[in-house]
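Structure data (mmCIF, C-alpha atoms) from work_28.cif:
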data_target
loop_
_atom_site.group_PDB
_atom_site.id
_atom_site.type_symbol
_atom_site.label_atom_id
_atom_site.label_comp_id
_atom_site.auth_asym_id
_atom_site.auth_seq_id
_atom_site.Cartn_x
_atom_site.Cartn_y
_atom_site.Cartn_z
ATOM 1 C CA MET A 1 1.646 -17.407 -12.451
ATOM 2 C CA ASN A 2 4.528 -16.867 -10.069
ATOM 3 C CA TYR A 3 7.091 -14.074 -10.378
ATOM 4 C CA ARG A 4 10.778 -13.713 -9.617
ATOM 5 C CA PRO A 5 13.122 -10.705 -9.396
ATOM 6 C CA LEU A 6 14.982 -9.997 -12.628
ATOM 7 C CA GLY A 7 18.392 -9.368 -11.142
ATOM 8 C CA THR A 8 18.797 -5.784 -9.974
ATOM 9 C CA THR A 9 16.494 -4.276 -12.607
ATOM 10 C CA GLY A 10 13.717 -3.724 -10.055
ATOM 11 C CA TRP A 11 11.254 -5.816 -12.083
ATOM 12 C CA ASN A 12 9.519 -8.970 -10.938
ATOM 13 C CA VAL A 13 8.839 -11.033 -14.041
ATOM 14 C CA SER A 14 6.767 -14.098 -14.772
ATOM 15 C CA GLU A 15 8.795 -17.250 -14.267
ATOM 16 C CA ILE A 16 7.283 -18.612 -17.473
ATOM 17 C CA SER A 17 7.708 -15.839 -20.006
ATOM 18 C CA PHE A 18 7.347 -15.631 -23.782
ATOM 19 C CA GLY A 19 10.093 -16.130 -26.347
ATOM 20 C CA ALA A 20 9.195 -14.392 -29.600
ATOM 21 C CA TRP A 21 11.625 -16.016 -32.038
ATOM 22 C CA ALA A 22 8.982 -18.315 -33.528
ATOM 23 C CA ILE A 23 6.527 -15.525 -34.320
ATOM 24 C CA GLY A 24 9.255 -13.690 -36.216
ATOM 25 C CA GLY A 25 10.416 -16.570 -38.391
ATOM 26 C CA ALA A 26 12.786 -19.556 -38.767
ATOM 27 C CA TRP A 27 10.228 -21.945 -37.238
ATOM 28 C CA GLY A 28 8.189 -22.785 -40.291
ATOM 29 C CA THR A 29 4.939 -21.129 -41.345
ATOM 30 C CA VAL A 30 3.530 -18.481 -39.042
ATOM 31 C CA ASP A 31 0.312 -16.497 -39.240
ATOM 32 C CA ASP A 32 0.258 -13.017 -37.722
ATOM 33 C CA ARG A 33 -3.304 -13.397 -36.463
ATOM 34 C CA GLU A 34 -2.396 -16.583 -34.650
ATOM 35 C CA SER A 35 0.820 -15.002 -33.389
ATOM 36 C CA MET A 36 -1.123 -12.099 -31.910
ATOM 37 C CA ALA A 37 -3.567 -14.544 -30.337
ATOM 38 C CA ALA A 38 -0.616 -16.387 -28.787
ATOM 39 C CA LEU A 39 0.765 -13.114 -27.400
ATOM 40 C CA HIS A 40 -2.612 -12.186 -25.905
ATOM 41 C CA GLN A 41 -2.895 -15.652 -24.377
ATOM 42 C CA ALA A 42 0.474 -15.107 -22.732
ATOM 43 C CA ILE A 43 -0.716 -11.905 -21.081
ATOM 44 C CA ASP A 44 -4.007 -13.546 -20.103
ATOM 45 C CA SER A 45 -1.939 -16.278 -18.426
ATOM 46 C CA GLY A 46 0.030 -13.780 -16.338
ATOM 47 C CA VAL A 47 3.102 -13.322 -18.532
ATOM 48 C CA ASN A 48 4.666 -9.876 -18.162
ATOM 49 C CA PHE A 49 8.049 -10.485 -19.824
ATOM 50 C CA ILE A 50 8.632 -11.024 -23.543
ATOM 51 C CA ASP A 51 11.972 -11.746 -25.178
ATOM 52 C CA THR A 52 12.588 -10.879 -28.812
ATOM 53 C CA ALA A 53 15.368 -9.699 -31.143
ATOM 54 C CA ASP A 54 15.767 -7.277 -34.012
ATOM 55 C CA VAL A 55 16.743 -10.143 -36.318
ATOM 56 C CA TYR A 56 13.565 -12.176 -35.696
ATOM 57 C CA GLY A 57 11.862 -11.500 -38.995
ATOM 58 C CA MET A 58 14.050 -8.407 -39.369
ATOM 59 C CA GLY A 59 11.935 -6.402 -36.940
ATOM 60 C CA HIS A 60 8.666 -8.238 -37.533
ATOM 61 C CA SER A 61 8.589 -9.835 -34.097
ATOM 62 C CA GLU A 62 9.292 -6.479 -32.456
ATOM 63 C CA ARG A 63 6.486 -4.824 -34.409
ATOM 64 C CA LEU A 64 3.986 -7.488 -33.349
ATOM 65 C CA ILE A 65 4.951 -6.865 -29.732
ATOM 66 C CA ALA A 66 4.482 -3.124 -30.245
ATOM 67 C CA GLN A 67 0.942 -3.842 -31.379
ATOM 68 C CA LEU A 68 0.358 -6.027 -28.338
ATOM 69 C CA LYS A 69 1.456 -3.231 -26.020
ATOM 70 C CA LYS A 70 -1.005 -0.868 -27.705
ATOM 71 C CA ASP A 71 -3.802 -3.404 -27.216
ATOM 72 C CA ARG A 72 -3.118 -4.173 -23.549
ATOM 73 C CA LYS A 73 -3.081 -2.047 -20.419
ATOM 74 C CA GLU A 74 -0.866 -4.361 -18.368
ATOM 75 C CA GLU A 75 2.780 -3.492 -17.776
ATOM 76 C CA ILE A 76 4.865 -5.655 -20.102
ATOM 77 C CA VAL A 77 8.654 -5.752 -19.905
ATOM 78 C CA VAL A 78 10.227 -6.330 -23.320
ATOM 79 C CA ALA A 79 13.759 -7.551 -23.853
ATOM 80 C CA THR A 80 15.288 -7.372 -27.297
ATOM 81 C CA LYS A 81 18.693 -8.203 -28.727
ATOM 82 C CA ALA A 82 21.201 -6.591 -31.045
ATOM 83 C CA GLY A 83 24.156 -7.694 -33.116
ATOM 84 C CA ARG A 84 23.109 -10.605 -35.276
ATOM 85 C CA ARG A 85 22.230 -8.329 -38.175
ATOM 86 C CA LEU A 86 25.938 -7.754 -38.675
ATOM 87 C CA SER A 87 27.263 -9.218 -41.904
ATOM 88 C CA PRO A 88 29.863 -10.479 -41.456
ATOM 89 C CA HIS A 89 29.118 -11.233 -37.807
ATOM 90 C CA THR A 90 32.466 -10.257 -36.296
ATOM 91 C CA ALA A 91 33.696 -8.859 -33.006
ATOM 92 C CA ASP A 92 34.771 -5.648 -34.735
ATOM 93 C CA GLY A 93 31.144 -5.032 -35.714
ATOM 94 C CA TYR A 94 30.182 -4.632 -32.058
ATOM 95 C CA ASN A 95 31.154 -0.979 -31.926
ATOM 96 C CA ALA A 96 29.365 2.104 -30.634
ATOM 97 C CA ALA A 97 28.160 3.253 -34.056
ATOM 98 C CA ASN A 98 26.629 -0.075 -35.031
ATOM 99 C CA LEU A 99 25.089 -0.703 -31.619
ATOM 100 C CA THR A 100 23.534 2.752 -31.599
ATOM 101 C CA GLY A 101 22.045 2.120 -35.036
ATOM 102 C CA PHE A 102 20.573 -1.200 -33.940
ATOM 103 C CA ILE A 103 19.078 0.405 -30.848
ATOM 104 C CA GLU A 104 17.472 3.181 -32.897
ATOM 105 C CA ASP A 105 15.878 0.583 -35.187
ATOM 106 C CA SER A 106 14.462 -1.358 -32.237
ATOM 107 C CA LEU A 107 13.122 1.838 -30.685
ATOM 108 C CA ARG A 108 11.171 2.455 -33.893
ATOM 109 C CA ASN A 109 9.996 -1.142 -34.226
ATOM 110 C CA LEU A 110 8.786 -1.297 -30.622
ATOM 111 C CA ASP A 111 7.503 2.287 -30.759
ATOM 112 C CA VAL A 112 9.021 3.292 -27.417
ATOM 113 C CA GLU A 113 11.304 6.045 -26.174
ATOM 114 C CA ALA A 114 13.579 3.672 -24.250
ATOM 115 C CA LEU A 115 14.173 -0.082 -24.479
ATOM 116 C CA ASP A 116 13.584 -1.992 -21.250
ATOM 117 C CA LEU A 117 16.414 -4.475 -21.765
ATOM 118 C CA VAL A 118 18.909 -4.883 -24.607
ATOM 119 C CA GLN A 119 21.043 -8.002 -24.908
ATOM 120 C CA LEU A 120 24.083 -8.543 -27.078
ATOM 121 C CA HIS A 121 22.917 -11.334 -29.356
ATOM 122 C CA CYS A 122 25.373 -14.222 -29.034
ATOM 123 C CA PRO A 123 28.390 -12.240 -30.202
ATOM 124 C CA PRO A 124 31.777 -13.828 -30.906
ATOM 125 C CA THR A 125 33.648 -14.749 -27.738
ATOM 126 C CA ALA A 126 36.189 -11.985 -28.355
ATOM 127 C CA VAL A 127 33.506 -9.347 -27.655
ATOM 128 C CA TYR A 128 33.481 -10.292 -23.974
ATOM 129 C CA TYR A 129 37.139 -9.287 -23.763
ATOM 130 C CA ARG A 130 36.509 -5.792 -25.136
ATOM 131 C CA PRO A 131 35.529 -3.350 -22.363
ATOM 132 C CA GLU A 132 34.763 -0.678 -24.943
ATOM 133 C CA VAL A 133 31.685 -2.634 -26.062
ATOM 134 C CA PHE A 134 30.181 -2.465 -22.583
ATOM 135 C CA GLU A 135 31.216 1.161 -22.229
ATOM 136 C CA ALA A 136 29.183 1.883 -25.376
ATOM 137 C CA LEU A 137 26.166 0.247 -23.733
ATOM 138 C CA ASP A 138 26.750 2.328 -20.593
ATOM 139 C CA ARG A 139 26.589 5.467 -22.732
ATOM 140 C CA LEU A 140 23.305 4.329 -24.271
ATOM 141 C CA VAL A 141 21.903 3.925 -20.757
ATOM 142 C CA GLU A 142 23.134 7.415 -19.868
ATOM 143 C CA ALA A 143 21.505 8.765 -23.029
ATOM 144 C CA GLY A 144 18.155 7.284 -22.006
ATOM 145 C CA LYS A 145 17.958 4.963 -25.025
ATOM 146 C CA ILE A 146 18.026 1.777 -22.933
ATOM 147 C CA ARG A 147 17.136 1.124 -19.309
ATOM 148 C CA ASN A 148 19.159 -2.033 -18.746
ATOM 149 C CA TYR A 149 21.451 -4.298 -20.711
ATOM 150 C CA GLY A 150 22.628 -7.867 -20.646
ATOM 151 C CA VAL A 151 23.931 -10.596 -22.907
ATOM 152 C CA SER A 152 22.715 -13.704 -24.663
ATOM 153 C CA VAL A 153 25.496 -16.271 -24.790
ATOM 154 C CA GLU A 154 26.363 -19.612 -26.310
ATOM 155 C CA LYS A 155 28.995 -20.707 -23.793
ATOM 156 C CA VAL A 156 29.353 -20.770 -20.022
ATOM 157 C CA GLU A 157 32.788 -19.165 -20.489
ATOM 158 C CA GLU A 158 31.125 -16.163 -22.142
ATOM 159 C CA ALA A 159 28.549 -15.889 -19.368
ATOM 160 C CA LEU A 160 31.215 -15.894 -16.671
ATOM 161 C CA LYS A 161 33.226 -13.251 -18.497
ATOM 162 C CA ALA A 162 30.172 -11.067 -19.168
ATOM 163 C CA ILE A 163 29.202 -10.761 -15.510
ATOM 164 C CA GLU A 164 32.586 -9.254 -14.730
ATOM 165 C CA PHE A 165 31.209 -6.039 -16.271
ATOM 166 C CA PRO A 166 29.170 -4.203 -13.627
ATOM 167 C CA GLY A 167 26.538 -2.916 -16.069
ATOM 168 C CA VAL A 168 25.453 -6.416 -17.127
ATOM 169 C CA LYS A 169 22.118 -7.104 -15.407
ATOM 170 C CA THR A 170 21.031 -10.306 -17.158
ATOM 171 C CA VAL A 171 22.401 -13.342 -18.945
ATOM 172 C CA GLN A 172 20.344 -15.397 -21.358
ATOM 173 C CA ILE A 173 21.713 -18.914 -21.758
ATOM 174 C CA ILE A 174 20.519 -22.274 -23.058
ATOM 175 C CA PHE A 175 19.404 -24.345 -20.085
ATOM 176 C CA ASN A 176 17.196 -27.415 -20.141
ATOM 177 C CA CYS A 177 17.203 -31.141 -19.371
ATOM 178 C CA PHE A 178 19.706 -31.548 -22.224
ATOM 179 C CA ARG A 179 22.020 -28.699 -21.162
ATOM 180 C CA LEU A 180 22.975 -28.886 -17.482
ATOM 181 C CA ARG A 181 26.395 -27.267 -17.412
ATOM 182 C CA PRO A 182 25.182 -23.700 -16.652
ATOM 183 C CA SER A 183 23.787 -24.915 -13.321
ATOM 184 C CA GLN A 184 27.273 -25.529 -12.024
ATOM 185 C CA LEU A 185 29.777 -22.688 -11.581
ATOM 186 C CA PHE A 186 27.855 -20.079 -13.561
ATOM 187 C CA PHE A 187 24.631 -20.223 -11.549
ATOM 188 C CA GLU A 188 26.581 -19.861 -8.328
ATOM 189 C CA GLN A 189 28.542 -16.856 -9.587
ATOM 190 C CA ALA A 190 25.444 -15.231 -11.103
ATOM 191 C CA ALA A 191 23.492 -15.612 -7.867
ATOM 192 C CA ASN A 192 26.346 -14.007 -5.931
ATOM 193 C CA LYS A 193 26.136 -10.970 -8.221
ATOM 194 C CA GLN A 194 22.320 -10.876 -8.412
ATOM 195 C CA ILE A 195 22.317 -11.476 -12.158
ATOM 196 C CA GLY A 196 18.987 -12.266 -13.796
ATOM 197 C CA ILE A 197 19.130 -15.568 -15.679
ATOM 198 C CA LEU A 198 16.867 -16.149 -18.680
ATOM 199 C CA ALA A 199 16.695 -19.829 -19.643
ATOM 200 C CA ARG A 200 16.349 -19.999 -23.396
ATOM 201 C CA VAL A 201 15.678 -22.993 -25.659
ATOM 202 C CA PRO A 202 13.967 -24.488 -22.595
ATOM 203 C CA LEU A 203 12.237 -27.225 -24.599
ATOM 204 C CA ALA A 204 15.264 -28.090 -26.767
ATOM 205 C CA SER A 205 13.613 -26.828 -29.955
ATOM 206 C CA GLY A 206 10.484 -28.827 -29.215
ATOM 207 C CA LEU A 207 12.118 -32.159 -28.399
ATOM 208 C CA LEU A 208 11.159 -31.864 -24.742
ATOM 209 C CA THR A 209 7.496 -31.427 -25.613
ATOM 210 C CA GLY A 210 7.509 -35.127 -26.465
ATOM 211 C CA ARG A 211 5.648 -34.426 -29.685
ATOM 212 C CA ILE A 212 8.577 -34.901 -32.062
ATOM 213 C CA ASN A 213 9.486 -38.369 -33.293
ATOM 214 C CA ALA A 214 11.746 -40.010 -35.869
ATOM 215 C CA ALA A 215 9.145 -39.437 -38.602
ATOM 216 C CA SER A 216 8.719 -35.715 -37.888
ATOM 217 C CA GLU A 217 9.418 -33.456 -40.865
ATOM 218 C CA PHE A 218 10.206 -29.749 -40.759
ATOM 219 C CA GLU A 219 9.632 -27.034 -43.335
ATOM 220 C CA GLU A 220 12.466 -25.556 -45.371
ATOM 221 C CA GLY A 221 12.274 -22.300 -43.392
ATOM 222 C CA ASP A 222 12.540 -24.087 -40.034
ATOM 223 C CA HIS A 223 15.964 -24.056 -38.375
ATOM 224 C CA ARG A 224 15.283 -27.594 -37.167
ATOM 225 C CA LYS A 225 15.724 -28.604 -40.810
ATOM 226 C CA PHE A 226 18.431 -26.235 -42.025
ATOM 227 C CA ASN A 227 20.657 -25.813 -38.960
ATOM 228 C CA ARG A 228 21.023 -29.238 -37.367
ATOM 229 C CA HIS A 229 24.751 -29.182 -37.956
ATOM 230 C CA GLY A 230 25.331 -25.463 -37.512
ATOM 231 C CA GLU A 231 24.981 -24.531 -41.167
ATOM 232 C CA ARG A 232 23.553 -21.060 -40.433
ATOM 233 C CA PHE A 233 24.380 -20.358 -36.775
ATOM 234 C CA ASP A 234 25.648 -22.194 -33.724
ATOM 235 C CA MET A 235 24.378 -25.777 -33.815
ATOM 236 C CA GLY A 236 23.737 -25.610 -30.069
ATOM 237 C CA GLU A 237 20.683 -23.471 -30.865
ATOM 238 C CA THR A 238 18.982 -26.383 -32.646
ATOM 239 C CA PHE A 239 17.921 -29.326 -30.462
ATOM 240 C CA SER A 240 20.456 -28.008 -27.920
ATOM 241 C CA GLY A 241 23.199 -29.440 -30.122
ATOM 242 C CA VAL A 242 22.210 -33.033 -29.376
ATOM 243 C CA ASP A 243 22.207 -35.687 -32.104
ATOM 244 C CA PHE A 244 18.563 -36.151 -33.129
ATOM 245 C CA GLU A 245 18.346 -39.921 -32.654
ATOM 246 C CA THR A 246 20.159 -39.779 -29.320
ATOM 247 C CA ALA A 247 17.853 -37.011 -28.142
ATOM 248 C CA LEU A 248 14.736 -38.983 -29.059
ATOM 249 C CA ALA A 249 15.959 -41.940 -27.007
ATOM 250 C CA ALA A 250 16.600 -39.649 -24.035
ATOM 251 C CA VAL A 251 13.137 -38.105 -24.431
ATOM 252 C CA GLU A 252 11.552 -41.528 -24.022
ATOM 253 C CA GLU A 253 13.444 -42.066 -20.782
ATOM 254 C CA ILE A 254 12.369 -38.662 -19.490
ATOM 255 C CA ARG A 255 8.771 -39.326 -20.536
ATOM 256 C CA ALA A 256 8.654 -42.142 -17.987
ATOM 257 C CA LEU A 257 9.341 -39.586 -15.231
ATOM 258 C CA VAL A 258 6.459 -37.253 -16.102
ATOM 259 C CA PRO A 259 3.691 -37.359 -13.458
ATOM 260 C CA GLU A 260 0.196 -38.193 -14.607
ATOM 261 C CA GLY A 261 -1.911 -35.208 -15.528
ATOM 262 C CA ILE A 262 0.801 -32.871 -16.817
ATOM 263 C CA SER A 263 2.363 -32.514 -20.247
ATOM 264 C CA MET A 264 5.980 -33.293 -20.963
ATOM 265 C CA ALA A 265 6.549 -29.629 -21.850
ATOM 266 C CA GLN A 266 5.215 -28.597 -18.463
ATOM 267 C CA PHE A 267 7.497 -31.125 -16.796
ATOM 268 C CA ALA A 268 10.550 -29.793 -18.662
ATOM 269 C CA LEU A 269 9.697 -26.204 -17.715
ATOM 270 C CA ARG A 270 9.030 -27.115 -14.085
ATOM 271 C CA TRP A 271 12.428 -28.842 -14.041
ATOM 272 C CA ILE A 272 14.047 -25.530 -15.008
ATOM 273 C CA LEU A 273 12.140 -23.652 -12.302
ATOM 274 C CA MET A 274 13.502 -26.027 -9.674
ATOM 275 C CA HIS A 275 16.768 -24.058 -9.993
ATOM 276 C CA PRO A 276 16.365 -20.922 -7.834
ATOM 277 C CA ALA A 277 19.118 -19.030 -9.682
ATOM 278 C CA VAL A 278 16.909 -18.955 -12.800
ATOM 279 C CA THR A 279 14.642 -15.931 -13.142
ATOM 280 C CA CYS A 280 12.459 -17.300 -15.901
ATOM 281 C CA ALA A 281 12.173 -19.771 -18.734
ATOM 282 C CA ILE A 282 11.252 -18.289 -22.098
ATOM 283 C CA PRO A 283 9.537 -20.921 -24.244
ATOM 284 C CA GLY A 284 8.186 -19.810 -27.590
ATOM 285 C CA GLY A 285 4.717 -20.445 -28.882
ATOM 286 C CA LYS A 286 3.028 -19.940 -32.232
ATOM 287 C CA ARG A 287 -0.438 -20.954 -31.009
ATOM 288 C CA PRO A 288 -2.479 -19.926 -27.951
ATOM 289 C CA SER A 289 -2.877 -23.550 -26.862
ATOM 290 C CA GLN A 290 0.905 -23.971 -26.650
ATOM 291 C CA VAL A 291 1.265 -20.811 -24.601
ATOM 292 C CA LYS A 292 -1.503 -21.751 -22.189
ATOM 293 C CA ASP A 293 0.022 -25.184 -21.634
ATOM 294 C CA ASN A 294 3.487 -23.740 -21.046
ATOM 295 C CA CYS A 295 2.295 -21.124 -18.582
ATOM 296 C CA ALA A 296 0.550 -23.710 -16.441
ATOM 297 C CA ALA A 297 3.994 -25.079 -15.498
ATOM 298 C CA SER A 298 4.428 -22.193 -13.061
ATOM 299 C CA GLY A 299 1.705 -23.512 -10.772
ATOM 300 C CA LEU A 300 2.820 -27.143 -10.659
ATOM 301 C CA PRO A 301 4.133 -28.792 -7.475
ATOM 302 C CA ALA A 302 7.876 -29.102 -7.018
ATOM 303 C CA LEU A 303 9.547 -32.120 -8.560
ATOM 304 C CA SER A 304 10.970 -34.656 -6.136
ATOM 305 C CA ASP A 305 14.671 -35.059 -5.429
ATOM 306 C CA ALA A 306 14.435 -38.540 -6.938
ATOM 307 C CA THR A 307 13.009 -37.145 -10.174
ATOM 308 C CA MET A 308 15.686 -34.463 -10.410
ATOM 309 C CA ALA A 309 18.357 -37.105 -9.852
ATOM 310 C CA ALA A 310 16.820 -39.327 -12.535
ATOM 311 C CA VAL A 311 16.991 -36.525 -15.121
ATOM 312 C CA ALA A 312 20.651 -35.991 -14.185
ATOM 313 C CA ARG A 313 21.381 -39.696 -14.695
ATOM 314 C CA ILE A 314 19.805 -39.646 -18.156
ATOM 315 C CA TYR A 315 21.856 -36.569 -19.013
ATOM 316 C CA ASP A 316 25.077 -38.140 -17.757
ATOM 317 C CA ALA A 317 24.515 -41.365 -19.660
ATOM 318 C CA ARG A 318 23.280 -40.038 -23.004
ATOM 319 C CA ILE A 319 23.804 -36.297 -23.372
ATOM 320 C CA ARG A 320 26.862 -35.184 -21.405
ATOM 321 C CA PRO A 321 29.463 -36.638 -23.824
ATOM 322 C CA LEU A 322 27.856 -34.727 -26.710
ATOM 323 C CA VAL A 323 27.392 -31.263 -25.254
ATOM 324 C CA HIS A 324 28.829 -30.701 -21.809
ATOM 325 C CA GLN A 325 32.265 -29.345 -22.663
ATOM 326 C CA ARG A 326 31.216 -27.734 -25.960
ATOM 327 C CA TRP A 327 29.019 -25.044 -24.460
#
As structure tokens, please, write out the structure in this file.
Amino acid sequence: MNYRPLGTTGWNVSEISFGAWAIGGAWGTVDDRESMAALHQAIDSGVNFIDTADVYGMGHSERLIAQLKKDRKEEIVVATKAGRRLSPHTADGYNAANLTGFIEDSLRNLDVEALDLVQLHCPPTAVYYRPEVFEALDRLVEAGKIRNYGVSVEKVEEALKAIEFPGVKTVQIIFNCFRLRPSQLFFEQAANKQIGILARVPLASGLLTGRINAASEFEEGDHRKFNRHGERFDMGETFSGVDFETALAAVEEIRALVPEGISMAQFALRWILMHPAVTCAIPGGKRPSQVKDNCAASGLPALSDATMAAVARIYDARIRPLVHQRW
């Protein structure tokens, strides 16, 4: 496993890290024993950074991670998120009182005295134009409740606005072979300000593993069934917002680029790591075998310029018209 600096936090984190949405819920059936085995496999593979959220299983994901930290002696940096428990989910809800309450809940769930990293959880765009929200986070840092804070965003516009606030240390954004726009202006600006970039949805909800096909079926509790058109949250979170049939056709073109001896998931993750502005990719994993396969991407050779250009051509031809200006 290789490691990269997480912005100005002082931490060097594993460039393949662990996204804990799936072990909390909304990805079909999960088993806590298997989830814990997947978490332990991550640490065994050199992972030292885990990303979760208070809304993943309403604290369940956080509590599993708390158990992991009790079981292991290694230093593990845990990022969580706050805000999506608001109902209704409005900009006005991102106030000091609510944020403080969310932080207190996560402190209990994770069983720690201070949270390593808290991220606003894809708030409405208007939140990024309210300095008082970031001032509230500054006060939580001063109070010793959180060590660092950042944001998780849907849109490049939100990411660019967020890094205007000096306290923002990290930005989590969807970035993968089906979502190239962040690598343009945002990556340049983030690098200039030493912002840590967490690439989420790195496998496009499993499409870029190459294991999903037109006959694939998803359980009722899986967002890949209930949120394809944004019924519950932003549709860009599910399959990166790409039409399913179009995405499958693009996957087949990308499959032809994958070198012999590596999985398509590893290829997709290595593609992300070719961008030096990215700190880490945070694929999820419900089973140890998935985690082990993902983590091996860190040690793969660099992809060639020709391969990178070929992925860009596939994106331009099939994906760009669907997603580029939306997010």
### Query
In file coordinates, which residues lie within 8 Å of (7.6, -10.1, -12.1) using only C-alpha atoms, given as a list in words?
Asn2, Tyr3, Arg4, Pro5, Leu6, Trp11, Asn12, Val13, Ser14, Glu15, Asn48 and Phe49 of chain A
### Task
Name the closest residue to Glu237 of chain A among the candidates A:Leu185, A:Ala97, A:Ile174, A:Val47; distances are taken between atoms, counting only C-alpha atoms.
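Residue with the minimum atom-to-atom distance to Glu237 of chain A: A:Ile174.
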Please identify every residue of segment 180-276 of chain A that has at least one atom no farther than 12 Å from an atom of segment 115-127 of chain A, counting only C-alpha atoms, and for each give the shortest atom pair and the distance in Å to one decimal, arranged by chain then increasing number, as a tab-separated table.
residue	atom	partner	partner_atom	distance
A:Gly196	CA	A:Leu117	CA	11.4
A:Leu198	CA	A:Gln119	CA	11.1
A:Phe233	CA	A:Cys122	CA	9.9
A:Asp234	CA	A:Cys122	CA	9.3
A:Gly236	CA	A:Cys122	CA	11.6
A:Glu237	CA	A:Cys122	CA	10.5
### Query
Taking into account all atoms listed in the file, which residue in the set A:Ser304, A:Ser205, A:Thr170, A:Gln325 is nearest to Lys193 of chain A?
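Smallest distance to Lys193 of chain A is found for A:Thr170.
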### Task
Determine, counting all atoms listed in the file, every residue of protein, DNA or RNA that lies within 12 Å of (5.8, -15.3, -31.8) in the file coordinates, then give the result as a PyMOL selection string.
chain A and resi 17-42+50-53+56-57+59-65+68+282-288+290-291
Applied to this file, what does the PyMOL selection byres ((chain A and resi 324) around 12) return in terms of residues, put as a short mmCIF file (atom, residue, chain, number, x, y, z; two decimals) with C-alpha atoms, in the coordinates of the input?
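Written file, selection.cif:
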data_model
loop_
_atom_site.label_atom_id
_atom_site.label_comp_id
_atom_site.auth_asym_id
_atom_site.auth_seq_id
_atom_site.Cartn_x
_atom_site.Cartn_y
_atom_site.Cartn_z
CA LYS A 155 29.00 -20.71 -23.79
CA VAL A 156 29.35 -20.77 -20.02
CA ILE A 174 20.52 -22.27 -23.06
CA PHE A 175 19.40 -24.34 -20.08
CA CYS A 177 17.20 -31.14 -19.37
CA PHE A 178 19.71 -31.55 -22.22
CA ARG A 179 22.02 -28.70 -21.16
CA LEU A 180 22.98 -28.89 -17.48
CA ARG A 181 26.40 -27.27 -17.41
CA PRO A 182 25.18 -23.70 -16.65
CA SER A 183 23.79 -24.92 -13.32
CA GLN A 184 27.27 -25.53 -12.02
CA GLY A 236 23.74 -25.61 -30.07
CA SER A 240 20.46 -28.01 -27.92
CA GLY A 241 23.20 -29.44 -30.12
CA VAL A 242 22.21 -33.03 -29.38
CA TYR A 315 21.86 -36.57 -19.01
CA ASP A 316 25.08 -38.14 -17.76
CA ALA A 317 24.52 -41.36 -19.66
CA ARG A 318 23.28 -40.04 -23.00
CA ILE A 319 23.80 -36.30 -23.37
CA ARG A 320 26.86 -35.18 -21.40
CA PRO A 321 29.46 -36.64 -23.82
CA LEU A 322 27.86 -34.73 -26.71
CA VAL A 323 27.39 -31.26 -25.25
CA GLN A 325 32.26 -29.34 -22.66
CA ARG A 326 31.22 -27.73 -25.96
CA TRP A 327 29.02 -25.04 -24.46
#
Would you write out, as a short mmCIF file (atom, residue, chain, number, x, y, z; two decimals) with C-alpha atoms, in the frame of the given file, every residue that the PyMOL selection byres ((chain A and resi 132) around 12) captures in this file?
data_model
loop_
_atom_site.label_atom_id
_atom_site.label_comp_id
_atom_site.auth_asym_id
_atom_site.auth_seq_id
_atom_site.Cartn_x
_atom_site.Cartn_y
_atom_site.Cartn_z
CA ALA A 91 33.70 -8.86 -33.01
CA ASP A 92 34.77 -5.65 -34.74
CA TYR A 94 30.18 -4.63 -32.06
CA ASN A 95 31.15 -0.98 -31.93
CA ALA A 96 29.36 2.10 -30.63
CA ALA A 97 28.16 3.25 -34.06
CA LEU A 99 25.09 -0.70 -31.62
CA ALA A 126 36.19 -11.98 -28.36
CA VAL A 127 33.51 -9.35 -27.66
CA TYR A 128 33.48 -10.29 -23.97
CA TYR A 129 37.14 -9.29 -23.76
CA ARG A 130 36.51 -5.79 -25.14
CA PRO A 131 35.53 -3.35 -22.36
CA VAL A 133 31.68 -2.63 -26.06
CA PHE A 134 30.18 -2.46 -22.58
CA GLU A 135 31.22 1.16 -22.23
CA ALA A 136 29.18 1.88 -25.38
CA LEU A 137 26.17 0.25 -23.73
CA ASP A 138 26.75 2.33 -20.59
CA ARG A 139 26.59 5.47 -22.73
CA PHE A 165 31.21 -6.04 -16.27
#
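Proximity of A:Ala143, A:Val311, A:Cys280, A:Val171 to Arg255 of chain A, computed with only C-alpha atoms, is greatest for A:Val311.
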### Task
Could you check how far atom CA of Asp243 of chain A sits from atom CA of Ala309 of chain A, in Å to one decimal?
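Separation between atom CA of Asp243 of chain A and atom CA of Ala309 of chain A: 22.6 Å.
Among the candidates A:Gly93, A:Thr8, A:Gly299, A:Glu245, the one nearest to Gly150 of chain A when counting all atoms listed in the file is A:Thr8.
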#### Entry: 10 Å contact set for Met264 of chain A, all atoms listed in the file, chain neighbours under 5 positions out, as a VMD selection string
chain A and resid 203 207 to 211 251 254 to 259 269 to 270 294
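Nearest to Thr307 of chain A of all the residues A:Met274, A:Phe187, A:Cys295, A:Ala162 is A:Met274, counting all atoms listed in the file.
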### Task
Considering all atoms listed in the file, return as a VMD selection string whatever protein or nucleic-acid residues lie within 8 Å of segment 223-225 of chain A, sequence-local ones (same chain, fewer than 2 positions apart) excluded.
chain A and resid 26 to 27 205 217 to 221 227 to 228 238 to 239
### Query
Please, what distance in Å, to one decimal, runs between atom CA of Val151 of chain A and atom CA of Gln172 of chain A?
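Value for the atom CA of Val151 of chain A-atom CA of Gln172 of chain A distance: 6.2 Å.
For the atom pair formed by atom CA of Ile272 of chain A and atom CA of Ala82 of chain A, the distance is 25.8 Å, given to one decimal.
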So that all listed atoms of segment 199-205 of chain A fit with 8 Å spare on each side, what axis-aligned box centre and edge lengths in Å, to one decimal, would you give as AutoDock Vina command-line options?
--center_x 14.5 --center_y -24.0 --center_z -24.8 --size_x 20.5 --size_y 24.3 --size_z 26.3
### Task
Point out the residue among A:Ala268, A:Leu248, A:Ala312, A:Val78 with the least atom-to-atom distance to Leu300 of chain A, counting all atoms listed in the file.
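Smallest distance to Leu300 of chain A is found for A:Ala268.
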